[in-house]
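> The structure is given below, and queries will be raised subsequently.
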Amino acid sequence: SNLETGGLRVQGVSRIADFVLVLDEVIDLGADRTRLSQQIDRSTANVQQLQKKLKNANFVQKAPEHVVHGVRRRHQEAVEQLKKLKAKLDGLSQP
């Protein structure tokens, strides 16, 4: 049967069935891009701050091992988060 509705529709096919999702709310892609860009800027600054700390030989040598380990862990998590945010932004940019 045909689906007669307004709004944004997302169609897809799986091994089991064809499907259509009707999104009731208008999605403001421009606002989403802006929001993601701002998050990317903050995340980039966080990654750079953590990198600077880890490149400081004085910090790495004098700080307790658990503190340095924590900064390394937070740096890795920040890098992964930044990759995810960039992938989301790239996904919104695709036609």
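Naming scheme: A, B, ... for chains in displayed order of the structure tokens; residues 1 onward per chain; ligands 1 onward as shown.
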Identify, on the basis of only C-alpha atoms, every residue whose closest approach to His75 of chain A does not exceed 8 Å; exclude the query and any residue fewer than 2 positions from it along the same chain; express the result as a list in words.

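That gives Val47, Leu50, Gln51, Val71, Arg72, Arg73, Glu77, Ala78 and Val79 of chain A.
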
> Any chance you could export the current selection's N, CA and C atoms as a PDB file, in the first residue's frame?


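The new file again_37.pdb reads:
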ATOM      1  N   VAL A  47      41.224  18.273  22.955  1.00  0.00           N
ATOM      2  CA  VAL A  47      42.287  17.373  22.485  1.00  0.00           C
ATOM      3  C   VAL A  47      43.628  18.105  22.506  1.00  0.00           C
ATOM      4  N   LEU A  50      44.941  18.548  26.090  1.00  0.00           N
ATOM      5  CA  LEU A  50      45.466  17.294  26.640  1.00  0.00           C
ATOM      6  C   LEU A  50      46.788  16.916  25.973  1.00  0.00           C
ATOM      7  N   GLN A  51      46.904  17.155  24.652  1.00  0.00           N
ATOM      8  CA  GLN A  51      48.164  16.882  23.946  1.00  0.00           C
ATOM      9  C   GLN A  51      49.289  17.737  24.516  1.00  0.00           C
ATOM     10  N   VAL A  71      45.243  11.238  32.164  1.00  0.00           N
ATOM     11  CA  VAL A  71      45.288  12.227  31.083  1.00  0.00           C
ATOM     12  C   VAL A  71      45.400  11.521  29.734  1.00  0.00           C
ATOM     13  N   ARG A  72      46.212  10.465  29.662  1.00  0.00           N
ATOM     14  CA  ARG A  72      46.327   9.703  28.406  1.00  0.00           C
ATOM     15  C   ARG A  72      44.981   9.083  28.017  1.00  0.00           C
ATOM     16  N   ARG A  73      44.287   8.544  29.016  1.00  0.00           N
ATOM     17  CA  ARG A  73      42.978   7.929  28.766  1.00  0.00           C
ATOM     18  C   ARG A  73      41.979   8.989  28.282  1.00  0.00           C
ATOM     19  N   GLU A  77      40.011   9.193  24.680  1.00  0.00           N
ATOM     20  CA  GLU A  77      38.553   9.328  24.623  1.00  0.00           C
ATOM     21  C   GLU A  77      38.152  10.586  23.856  1.00  0.00           C
ATOM     22  N   ALA A  78      38.877  11.676  24.059  1.00  0.00           N
ATOM     23  CA  ALA A  78      38.582  12.934  23.374  1.00  0.00           C
ATOM     24  C   ALA A  78      38.821  12.805  21.874  1.00  0.00           C
ATOM     25  N   VAL A  79      39.885  12.094  21.494  1.00  0.00           N
ATOM     26  CA  VAL A  79      40.170  11.871  20.071  1.00  0.00           C
ATOM     27  C   VAL A  79      39.046  11.054  19.435  1.00  0.00           C
TER      28      VAL A  79
END

> Give me the residues near Ser93 of chain A as a JSON list (two decimals) with N, CA and C atoms, in the first residue's frame, where near means some atom within 10 Å (using only C-alpha atoms) and where sequence neighbours in that chain fewer than 3 positions away do not count.


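Result written to selection04.json:
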[["chain", "number", "residue", "atom", "x", "y", "z"],
["A", 29, "LEU", "N", 18.58, 21.13, 9.44],
["A", 29, "LEU", "CA", 19.94, 20.63, 9.20],
["A", 29, "LEU", "C", 20.99, 21.71, 9.43],
["A", 30, "GLY", "N", 20.65, 22.95, 9.11],
["A", 30, "GLY", "CA", 21.59, 24.04, 9.34],
["A", 30, "GLY", "C", 21.92, 24.20, 10.81],
["A", 33, "ARG", "N", 24.10, 21.31, 11.88],
["A", 33, "ARG", "CA", 25.49, 21.50, 11.43],
["A", 33, "ARG", "C", 26.21, 22.51, 12.34],
["A", 87, "ALA", "N", 32.39, 12.62, 11.90],
["A", 87, "ALA", "CA", 31.63, 11.68, 11.06],
["A", 87, "ALA", "C", 30.16, 12.08, 11.00],
["A", 88, "LYS", "N", 29.60, 12.52, 12.13],
["A", 88, "LYS", "CA", 28.21, 12.98, 12.14],
["A", 88, "LYS", "C", 28.04, 14.20, 11.24],
["A", 89, "LEU", "N", 28.97, 15.14, 11.34],
["A", 89, "LEU", "CA", 28.89, 16.34, 10.51],
["A", 89, "LEU", "C", 29.02, 15.97, 9.03],
["A", 90, "ASP", "N", 29.93, 15.07, 8.70],
["A", 90, "ASP", "CA", 30.07, 14.61, 7.32],
["A", 90, "ASP", "C", 28.78, 13.95, 6.84]]

> Between A:Ile40, A:Ile16, A:Ala63, A:Ala45, which has the minimum distance to Lys83 of chain A (counting only C-alpha atoms)?

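Checking each candidate against Lys83 of chain A, we get A:Ile40 as the closest.
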